[in-house]
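Note: the block below is my_file.tsv and it holds TSV, N, CA and C atoms.
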chain	number	residue	atom	x	y	z
A	1	MET	N	4.16	28.68	25.43
A	1	MET	CA	3.96	27.73	24.37
A	1	MET	C	2.60	27.95	23.70
A	2	LEU	N	1.60	28.21	24.52
A	2	LEU	CA	0.25	28.43	23.99
A	2	LEU	C	0.22	29.69	23.13
A	3	VAL	N	0.96	30.71	23.55
A	3	VAL	CA	1.00	31.95	22.77
A	3	VAL	C	1.60	31.69	21.39
A	4	LEU	N	2.69	30.92	21.33
A	4	LEU	CA	3.31	30.59	20.05
A	4	LEU	C	2.35	29.81	19.14
A	5	LEU	N	1.62	28.90	19.73
A	5	LEU	CA	0.65	28.11	18.97
A	5	LEU	C	-0.46	28.99	18.41
A	6	VAL	N	-0.97	29.90	19.23
A	6	VAL	CA	-2.04	30.80	18.78
A	6	VAL	C	-1.51	31.75	17.70
A	7	VAL	N	-0.33	32.30	17.90
A	7	VAL	CA	0.24	33.22	16.91
A	7	VAL	C	0.49	32.49	15.59
A	8	SER	N	1.00	31.27	15.66
A	8	SER	CA	1.26	30.52	14.43
A	8	SER	C	-0.05	30.19	13.71
A	9	PHE	N	-1.09	29.86	14.46
A	9	PHE	CA	-2.39	29.54	13.84
A	9	PHE	C	-2.99	30.79	13.19
A	10	VAL	N	-2.96	31.89	13.89
A	10	VAL	CA	-3.53	33.13	13.34
A	10	VAL	C	-2.76	33.55	12.09
A	11	THR	N	-1.44	33.49	12.14
A	11	THR	CA	-0.63	33.85	10.98
A	11	THR	C	-0.91	32.92	9.81
A	12	PHE	N	-0.99	31.62	10.08
A	12	PHE	CA	-1.27	30.64	9.05
A	12	PHE	C	-2.65	30.89	8.44
A	13	ALA	N	-3.63	31.17	9.27
A	13	ALA	CA	-4.99	31.44	8.79
A	13	ALA	C	-5.04	32.72	7.95
A	14	LEU	N	-4.36	33.76	8.40
A	14	LEU	CA	-4.35	35.02	7.64
A	14	LEU	C	-3.70	34.84	6.26
A	15	MET	N	-2.67	34.03	6.20
A	15	MET	CA	-2.01	33.77	4.91
A	15	MET	C	-2.96	33.07	3.94
A	16	HIS	N	-3.88	32.28	4.48
A	16	HIS	CA	-4.86	31.60	3.61
A	16	HIS	C	-6.00	32.53	3.20
A	17	LEU	N	-6.23	33.56	3.97
A	17	LEU	CA	-7.32	34.49	3.68
A	17	LEU	C	-6.93	35.59	2.70
A	18	VAL	N	-5.64	35.84	2.58
A	18	VAL	CA	-5.15	36.89	1.69
A	18	VAL	C	-5.36	36.44	0.24
A	19	PRO	N	-5.85	37.34	-0.61
A	19	PRO	CA	-6.03	36.95	-2.01
A	19	PRO	C	-4.70	36.62	-2.69
A	20	GLY	N	-4.77	35.74	-3.67
A	20	GLY	CA	-3.56	35.34	-4.39
A	20	GLY	C	-2.91	34.15	-3.73
A	21	GLY	N	-1.74	33.86	-4.16
A	21	GLY	CA	-1.02	32.72	-3.62
A	21	GLY	C	0.43	32.76	-4.05
A	22	PRO	N	1.18	31.71	-3.74
A	22	PRO	CA	2.61	31.73	-4.07
A	22	PRO	C	2.88	31.70	-5.57
A	23	TRP	N	1.89	31.33	-6.37
A	23	TRP	CA	2.09	31.23	-7.82
A	23	TRP	C	1.45	32.40	-8.55
A	24	SER	N	0.95	33.38	-7.82
A	24	SER	CA	0.34	34.56	-8.45
A	24	SER	C	1.44	35.50	-8.95
A	25	ARG	N	1.44	35.74	-10.24
A	25	ARG	CA	2.44	36.61	-10.86
A	25	ARG	C	1.77	37.41	-11.95
A	26	ASP	N	2.54	38.32	-12.54
A	26	ASP	CA	2.03	39.08	-13.67
A	26	ASP	C	1.67	38.15	-14.82
A	27	LYS	N	2.53	37.18	-15.07
A	27	LYS	CA	2.27	36.20	-16.13
A	27	LYS	C	1.61	34.98	-15.50
A	28	GLN	N	0.40	34.66	-15.95
A	28	GLN	CA	-0.35	33.54	-15.40
A	28	GLN	C	0.29	32.21	-15.78
A	29	LEU	N	0.34	31.30	-14.84
A	29	LEU	CA	0.81	29.94	-15.12
A	29	LEU	C	-0.36	29.10	-15.61
A	30	ALA	N	-0.06	28.09	-16.38
A	30	ALA	CA	-1.11	27.18	-16.85
A	30	ALA	C	-1.74	26.46	-15.66
A	31	PRO	N	-3.04	26.20	-15.69
A	31	PRO	CA	-3.71	25.51	-14.57
A	31	PRO	C	-3.06	24.18	-14.21
A	32	ALA	N	-2.56	23.44	-15.19
A	32	ALA	CA	-1.90	22.17	-14.90
A	32	ALA	C	-0.61	22.38	-14.12
A	33	VAL	N	0.10	23.45	-14.42
A	33	VAL	CA	1.34	23.77	-13.71
A	33	VAL	C	1.02	24.16	-12.26
A	34	VAL	N	-0.01	24.98	-12.09
A	34	VAL	CA	-0.42	25.39	-10.75
A	34	VAL	C	-0.84	24.17	-9.93
A	35	ALA	N	-1.60	23.27	-10.54
A	35	ALA	CA	-2.04	22.05	-9.84
A	35	ALA	C	-0.85	21.19	-9.43
A	36	ALA	N	0.13	21.07	-10.33
A	36	ALA	CA	1.33	20.27	-10.01
A	36	ALA	C	2.13	20.90	-8.88
A	37	LEU	N	2.29	22.22	-8.91
A	37	LEU	CA	3.01	22.92	-7.83
A	37	LEU	C	2.26	22.80	-6.51
A	38	ASN	N	0.95	22.94	-6.53
A	38	ASN	CA	0.16	22.79	-5.31
A	38	ASN	C	0.30	21.39	-4.73
A	39	ALA	N	0.31	20.37	-5.59
A	39	ALA	CA	0.47	19.00	-5.12
A	39	ALA	C	1.87	18.78	-4.54
A	40	LYS	N	2.89	19.33	-5.21
A	40	LYS	CA	4.28	19.17	-4.76
A	40	LYS	C	4.48	19.76	-3.36
A	41	TYR	N	3.89	20.92	-3.11
A	41	TYR	CA	4.08	21.61	-1.83
A	41	TYR	C	2.96	21.34	-0.83
A	42	GLY	N	2.01	20.48	-1.17
A	42	GLY	CA	0.94	20.12	-0.24
A	42	GLY	C	-0.12	21.19	-0.09
A	43	LEU	N	-0.18	22.13	-1.03
A	43	LEU	CA	-1.16	23.22	-0.94
A	43	LEU	C	-2.53	22.79	-1.45
A	44	ASP	N	-2.64	21.57	-1.95
A	44	ASP	CA	-3.92	21.06	-2.41
A	44	ASP	C	-4.68	20.33	-1.29
A	45	LYS	N	-4.06	20.26	-0.13
A	45	LYS	CA	-4.69	19.59	1.01
A	45	LYS	C	-5.55	20.57	1.79
A	46	PRO	N	-6.50	20.07	2.60
A	46	PRO	CA	-7.35	20.97	3.41
A	46	PRO	C	-6.51	21.80	4.39
A	47	PHE	N	-7.07	22.92	4.80
A	47	PHE	CA	-6.39	23.87	5.68
A	47	PHE	C	-5.80	23.21	6.92
A	48	PHE	N	-6.60	22.42	7.64
A	48	PHE	CA	-6.13	21.84	8.90
A	48	PHE	C	-5.05	20.79	8.67
A	49	VAL	N	-5.08	20.09	7.54
A	49	VAL	CA	-4.01	19.13	7.22
A	49	VAL	C	-2.73	19.90	6.93
A	50	GLN	N	-2.82	21.00	6.20
A	50	GLN	CA	-1.65	21.83	5.94
A	50	GLN	C	-1.06	22.37	7.24
A	51	TYR	N	-1.92	22.82	8.15
A	51	TYR	CA	-1.44	23.36	9.42
A	51	TYR	C	-0.80	22.27	10.27
A	52	ALA	N	-1.40	21.09	10.30
A	52	ALA	CA	-0.83	19.96	11.05
A	52	ALA	C	0.53	19.58	10.47
A	53	ASN	N	0.65	19.56	9.15
A	53	ASN	CA	1.95	19.26	8.51
A	53	ASN	C	2.97	20.33	8.85
A	54	PHE	N	2.53	21.59	8.87
A	54	PHE	CA	3.41	22.70	9.24
A	54	PHE	C	3.93	22.52	10.67
A	55	LEU	N	3.04	22.22	11.60
A	55	LEU	CA	3.45	22.04	13.00
A	55	LEU	C	4.37	20.84	13.16
A	56	THR	N	4.07	19.75	12.47
A	56	THR	CA	4.92	18.57	12.53
A	56	THR	C	6.32	18.90	12.01
A	57	GLY	N	6.38	19.63	10.91
A	57	GLY	CA	7.67	20.03	10.37
A	57	GLY	C	8.44	20.91	11.34
A	58	ILE	N	7.76	21.86	11.96
A	58	ILE	CA	8.40	22.75	12.94
A	58	ILE	C	9.00	21.93	14.08
A	59	LEU	N	8.24	20.96	14.58
A	59	LEU	CA	8.72	20.15	15.70
A	59	LEU	C	9.93	19.30	15.32
A	60	HIS	N	10.06	18.97	14.04
A	60	HIS	CA	11.20	18.18	13.58
A	60	HIS	C	12.31	19.05	13.00
A	61	GLY	N	12.15	20.36	13.05
A	61	GLY	CA	13.17	21.26	12.52
A	61	GLY	C	13.16	21.34	11.00
A	62	ASP	N	12.07	20.91	10.38
A	62	ASP	CA	11.94	20.93	8.92
A	62	ASP	C	10.95	22.03	8.55
A	63	LEU	N	11.46	23.10	7.94
A	63	LEU	CA	10.59	24.21	7.55
A	63	LEU	C	10.16	24.11	6.09
A	64	GLY	N	10.50	23.01	5.43
A	64	GLY	CA	10.06	22.78	4.06
A	64	GLY	C	11.04	23.30	3.03
A	65	ILE	N	10.64	23.17	1.77
A	65	ILE	CA	11.45	23.59	0.64
A	65	ILE	C	11.11	25.04	0.31
A	66	SER	N	12.12	25.81	-0.02
A	66	SER	CA	11.91	27.20	-0.39
A	66	SER	C	11.19	27.29	-1.72
A	67	TYR	N	10.24	28.20	-1.84
A	67	TYR	CA	9.57	28.44	-3.12
A	67	TYR	C	10.53	29.11	-4.10
A	68	SER	N	11.43	29.91	-3.60
A	68	SER	CA	12.36	30.66	-4.46
A	68	SER	C	13.60	29.86	-4.83
A	69	TYR	N	14.11	29.08	-3.89
A	69	TYR	CA	15.32	28.29	-4.11
A	69	TYR	C	14.98	26.82	-3.91
A	70	GLN	N	14.45	26.16	-4.93
A	70	GLN	CA	13.95	24.79	-4.78
A	70	GLN	C	15.04	23.77	-4.46
A	71	ASP	N	16.30	24.13	-4.66
A	71	ASP	CA	17.38	23.20	-4.36
A	71	ASP	C	17.80	23.23	-2.89
A	72	ARG	N	17.22	24.14	-2.12
A	72	ARG	CA	17.58	24.25	-0.69
A	72	ARG	C	16.32	24.32	0.17
A	73	SER	N	16.45	23.82	1.38
A	73	SER	CA	15.33	23.92	2.32
A	73	SER	C	15.39	25.27	3.02
A	74	VAL	N	14.28	25.66	3.59
A	74	VAL	CA	14.22	26.92	4.34
A	74	VAL	C	15.17	26.85	5.53
A	75	THR	N	15.26	25.69	6.16
A	75	THR	CA	16.17	25.52	7.30
A	75	THR	C	17.61	25.76	6.87
A	76	GLN	N	18.01	25.24	5.70
A	76	GLN	CA	19.37	25.46	5.21
A	76	GLN	C	19.64	26.94	4.95
A	77	ILE	N	18.67	27.63	4.39
A	77	ILE	CA	18.82	29.06	4.09
A	77	ILE	C	18.99	29.85	5.38
A	78	ILE	N	18.18	29.55	6.39
A	78	ILE	CA	18.27	30.24	7.68
A	78	ILE	C	19.61	29.95	8.35
A	79	MET	N	20.04	28.68	8.32
A	79	MET	CA	21.32	28.32	8.96
A	79	MET	C	22.49	28.99	8.24
A	80	GLN	N	22.43	29.10	6.91
A	80	GLN	CA	23.50	29.77	6.17
A	80	GLN	C	23.56	31.25	6.55
A	81	ALA	N	22.41	31.90	6.66
A	81	ALA	CA	22.38	33.31	7.06
A	81	ALA	C	22.87	33.46	8.50
A	82	PHE	N	22.51	32.54	9.36
A	82	PHE	CA	22.93	32.58	10.75
A	82	PHE	C	24.45	32.43	10.86
A	83	ARG	N	25.01	31.47	10.10
A	83	ARG	CA	26.46	31.27	10.11
A	83	ARG	C	27.21	32.49	9.58
A	84	SER	N	26.65	33.13	8.55
A	84	SER	CA	27.33	34.30	7.99
A	84	SER	C	27.32	35.46	8.97
A	85	GLN	N	26.35	35.51	9.86
A	85	GLN	CA	26.30	36.57	10.86
A	85	GLN	C	27.32	36.32	11.98
A	86	LEU	N	27.65	35.04	12.21
A	86	LEU	CA	28.61	34.71	13.27
A	86	LEU	C	30.04	35.01	12.87
A	87	TYR	N	30.33	34.93	11.60
A	87	TYR	CA	31.71	35.10	11.14
A	87	TYR	C	31.92	36.39	10.47

Spit out the file's structure as structure tokens when you get a sec.
Amino acid sequence: MLVLLVVSFVTFALMHLVPGGPWSRDKQLAPAVVAALNAKYGLDKPFFVQYANFLTGILHGDLGISYSYQDRSVTQIIMQAFRSQLY
């Protein structure tokens, strides 16, 4: 359990250290749009609050909303892929 916690923390920290972000694209988004997206996904909160929210979600089986498919959660996407592999 401790290994999983350390690996998740290191991975989470490395993702914050990498330049760019989920809204970095060839075409720049307006600052107001970026601020709204950051607020929607909780990316405007401090690092440790984001990590605590991430861990809480993991413990409840909630992996959050997909950045690519906003109408589905990450958990739904994983379960759909898992079901397709079974059949």

Helix (DSSP H, G or I) call set, DSSP backbone run, segment 22-72 of chain A, as a ChimeraX atom specification
/A:31-41,47-59

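Atom CA of Asp44 of chain A is positioned 12.7 Å from atom CA of Ala32 of chain A.
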
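Coordinates place atom CA of Leu55 of chain A at a distance of 14.1 Å from atom CA of Val3 of chain A.
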
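Atom CA of Pro31 of chain A is positioned 28.7 Å from atom CA of Phe9 of chain A.
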
With distances taken over only C-alpha atoms, the candidate from A:Leu4, A:Phe82, A:His16, A:Gln70 nearest Pro46 of chain A is A:His16

Have a look at A:Gln28, A:Ala35, A:Leu14, A:Tyr41 and name the one nearest to Ile65 of chain A; count all atoms listed in the file.
A:Tyr41
